[in-house]
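J.: First the structure, then my questions, so here it is.
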Amino acid sequence: MKPFFRVLTCLLFCALFAFAQNRAQVPWWNSPVASDIGLSQAQSQRIRQIVHSYRERLFDARNEVQKAEAALDELMNDGQMSAEAAKPIINRVAQARANSSHVFLEMSTRIREVLTYEQWRQLVQRWDEVKGKRLADGGLITPQ
C-alpha cells in the first residue's frame with residue numbers, strides 16, 4: 001500500500017505544483033526534466049491537453065475548499081461556537097477536500113497513462129531526490 005500512496009503523492013505534486021526546474025515554476029513537462037526522462041513532443045502535448053482539460057475543475061474544487069475552510073474558520077472564531085453548529089460546516093469542508101482530491105487524482109492518473117513505465121520510474125526517482133534534498137535543507141518541497 002505504501003508504494004501506491006507514494007505514487008499518488010508524486011502525481012499530486014507533479015500535476016498540481018508542476019515540477020519546476022527553476023524558481024519560475026515551469027511545469028516539469030516544459031522543463032529539462034522532460035528531456036531527462038525522454039518525454040516526446042507528442043507526450044508533452046498530450047499532458048498539456050490533459051492539464052488544460054482539468055484546469056477549470058481544479059480551480060473550482062480549490063475554491064470550494066477555500067470557501068468551506070473560511071466558513072469553518074469563521075465559526076471557530078465565533079464567541080458562541082458550538083460543536084453541533086459546526087457539524088454541517090465540517091461535512092462541507094470534508095466533502096470539498098474529497099472532491100478536490102478526486103479531481104486531482106483523476107487528472108494525475110490520466111497524466112501517468114501518457115508516460116512509459118521507465119519514464120514514470122525516472123520521474124519518481126527524481127521527485128524522491130528533490131524531496132530528500134528539500135527536507136534535508138529544512139525548506140519547502142518544491143522540485144528543481
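Convention: chains lettered A, B, ... in C-alpha cells order; per-chain residue numbering from 1; ligands numbered from 1 as shown.
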With only C-alpha atoms as the counted atoms, please give the residues lying no more than 10 Å from Glu113 (chain A), apart from itself and same-chain residues fewer than 5 positions off, as an mmCIF file with N, CA and C atoms, in the first residue's frame.

T.:
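Saved the output as part-v9.cif:
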data_model
loop_
_atom_site.group_PDB
_atom_site.id
_atom_site.type_symbol
_atom_site.label_atom_id
_atom_site.label_comp_id
_atom_site.auth_asym_id
_atom_site.auth_seq_id
_atom_site.Cartn_x
_atom_site.Cartn_y
_atom_site.Cartn_z
ATOM 1 N N GLN A 43 3.952 13.305 -26.269
ATOM 2 C CA GLN A 43 3.609 13.091 -24.864
ATOM 3 C C GLN A 43 3.435 14.428 -24.134
ATOM 4 N N ILE A 47 0.029 15.747 -22.334
ATOM 5 C CA ILE A 47 -0.014 16.145 -20.922
ATOM 6 C C ILE A 47 -0.584 17.556 -20.793
ATOM 7 N N SER A 108 -4.270 13.187 -12.467
ATOM 8 C CA SER A 108 -2.934 12.615 -12.303
ATOM 9 C C SER A 108 -2.818 11.238 -12.938
ATOM 10 N N TRP A 120 8.072 6.937 -15.939
ATOM 11 C CA TRP A 120 7.440 7.105 -14.633
ATOM 12 C C TRP A 120 8.443 6.842 -13.513
#

J.: With DSSP run on the backbone, what are the helix (DSSP H, G or I) residues within region 70-144 of chain A? I'd like them as a PyMOL selection string.

T.: chain A and resi 70-76+83-114+117-137

J.: Env of Gln66 (chain A): 10 Å cut, atoms = only C-alpha atoms, seq-sep filter 5 positions within chain, self excluded. Answer as a PyMOL selection string.

T.: chain A and resi 60-61+71-72+93+96-97

J.: Would you please work out which residue, of A:Leu39, A:Met76, A:Ala34, A:Val51, is nearest to Arg110 (chain A) when using only C-alpha atoms?

T.: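 Distance minimum relative to Arg110 (chain A) lands on A:Val51.
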
J.: For each of A:Tyr117, A:Trp127, A:Phe104, A:Trp29, take the minimum atom-to-atom distance to Phe59 (chain A), counting only C-alpha atoms, then give the residue where this is smallest.

T.: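 Counting only C-alpha atoms, the residue closest to Phe59 (chain A) is A:Phe104.
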
J.: Neighbours of Arg57 (chain A) within 12 Å (only C-alpha atoms; same-chain residues fewer than 2 positions away dropped), as a PyMOL selection string?

T.: chain A and resi 50-55+59-64+99-104+106-107

J.: I need the residues from that last selection saved to file as a PDB file, in the first residue's frame (with N, CA and C atoms), if you can.

T.:
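Output (part-v1.pdb):
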ATOM      1  N   ILE A  50      -4.289  17.409 -21.204  1.00  0.00           N
ATOM      2  CA  ILE A  50      -4.944  16.860 -20.009  1.00  0.00           C
ATOM      3  C   ILE A  50      -5.042  17.924 -18.925  1.00  0.00           C
ATOM      4  N   VAL A  51      -3.923  18.573 -18.646  1.00  0.00           N
ATOM      5  CA  VAL A  51      -3.921  19.611 -17.605  1.00  0.00           C
ATOM      6  C   VAL A  51      -4.913  20.719 -17.966  1.00  0.00           C
ATOM      7  N   HIS A  52      -4.907  21.121 -19.220  1.00  0.00           N
ATOM      8  CA  HIS A  52      -5.827  22.175 -19.663  1.00  0.00           C
ATOM      9  C   HIS A  52      -7.287  21.737 -19.488  1.00  0.00           C
ATOM     10  N   SER A  53      -7.575  20.479 -19.785  1.00  0.00           N
ATOM     11  CA  SER A  53      -8.955  19.997 -19.689  1.00  0.00           C
ATOM     12  C   SER A  53      -9.437  19.933 -18.235  1.00  0.00           C
ATOM     13  N   TYR A  54      -8.525  19.847 -17.292  1.00  0.00           N
ATOM     14  CA  TYR A  54      -8.881  19.775 -15.869  1.00  0.00           C
ATOM     15  C   TYR A  54      -8.742  21.114 -15.154  1.00  0.00           C
ATOM     16  N   ARG A  55      -8.168  22.090 -15.800  1.00  0.00           N
ATOM     17  CA  ARG A  55      -7.846  23.356 -15.138  1.00  0.00           C
ATOM     18  C   ARG A  55      -9.048  23.983 -14.435  1.00  0.00           C
ATOM     19  N   PHE A  59      -9.545  24.489 -10.364  1.00  0.00           N
ATOM     20  CA  PHE A  59      -9.749  25.802  -9.748  1.00  0.00           C
ATOM     21  C   PHE A  59     -11.043  25.833  -8.949  1.00  0.00           C
ATOM     22  N   ASP A  60     -12.106  25.306  -9.526  1.00  0.00           N
ATOM     23  CA  ASP A  60     -13.397  25.273  -8.829  1.00  0.00           C
ATOM     24  C   ASP A  60     -13.296  24.461  -7.542  1.00  0.00           C
ATOM     25  N   ALA A  61     -12.659  23.316  -7.614  1.00  0.00           N
ATOM     26  CA  ALA A  61     -12.525  22.459  -6.432  1.00  0.00           C
ATOM     27  C   ALA A  61     -11.701  23.157  -5.353  1.00  0.00           C
ATOM     28  N   ARG A  62     -10.612  23.788  -5.755  1.00  0.00           N
ATOM     29  CA  ARG A  62      -9.783  24.507  -4.789  1.00  0.00           C
ATOM     30  C   ARG A  62     -10.553  25.663  -4.161  1.00  0.00           C
ATOM     31  N   ASN A  63     -11.324  26.375  -4.962  1.00  0.00           N
ATOM     32  CA  ASN A  63     -12.124  27.484  -4.437  1.00  0.00           C
ATOM     33  C   ASN A  63     -13.169  26.999  -3.443  1.00  0.00           C
ATOM     34  N   GLU A  64     -13.787  25.852  -3.716  1.00  0.00           N
ATOM     35  CA  GLU A  64     -14.773  25.297  -2.783  1.00  0.00           C
ATOM     36  C   GLU A  64     -14.127  24.924  -1.453  1.00  0.00           C
ATOM     37  N   ASN A  99     -13.611  16.076  -2.852  1.00  0.00           N
ATOM     38  CA  ASN A  99     -13.839  16.368  -4.270  1.00  0.00           C
ATOM     39  C   ASN A  99     -12.571  16.908  -4.922  1.00  0.00           C
ATOM     40  N   SER A 100     -11.874  17.783  -4.227  1.00  0.00           N
ATOM     41  CA  SER A 100     -10.636  18.338  -4.765  1.00  0.00           C
ATOM     42  C   SER A 100      -9.613  17.229  -5.015  1.00  0.00           C
ATOM     43  N   SER A 101      -9.472  16.332  -4.049  1.00  0.00           N
ATOM     44  CA  SER A 101      -8.551  15.203  -4.207  1.00  0.00           C
ATOM     45  C   SER A 101      -8.972  14.305  -5.357  1.00  0.00           C
ATOM     46  N   HIS A 102     -10.254  14.068  -5.476  1.00  0.00           N
ATOM     47  CA  HIS A 102     -10.769  13.203  -6.538  1.00  0.00           C
ATOM     48  C   HIS A 102     -10.437  13.782  -7.912  1.00  0.00           C
ATOM     49  N   VAL A 103     -10.709  15.050  -8.104  1.00  0.00           N
ATOM     50  CA  VAL A 103     -10.434  15.695  -9.400  1.00  0.00           C
ATOM     51  C   VAL A 103      -8.944  15.629  -9.703  1.00  0.00           C
ATOM     52  N   PHE A 104      -8.139  15.959  -8.710  1.00  0.00           N
ATOM     53  CA  PHE A 104      -6.697  15.959  -8.922  1.00  0.00           C
ATOM     54  C   PHE A 104      -6.154  14.573  -9.232  1.00  0.00           C
ATOM     55  N   GLU A 106      -7.768  12.010 -10.429  1.00  0.00           N
ATOM     56  CA  GLU A 106      -8.267  11.597 -11.743  1.00  0.00           C
ATOM     57  C   GLU A 106      -7.365  12.168 -12.844  1.00  0.00           C
ATOM     58  N   MET A 107      -7.034  13.451 -12.739  1.00  0.00           N
ATOM     59  CA  MET A 107      -6.148  14.073 -13.718  1.00  0.00           C
ATOM     60  C   MET A 107      -4.757  13.431 -13.662  1.00  0.00           C
TER      61      MET A 107
END

J.: CA of Gln125 (chain A) and CA of Gln41 (chain A) are how many Å apart?

T.: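 Straight-line distance from CA of Gln125 (chain A) to CA of Gln41 (chain A) works out to 21.8 Å.
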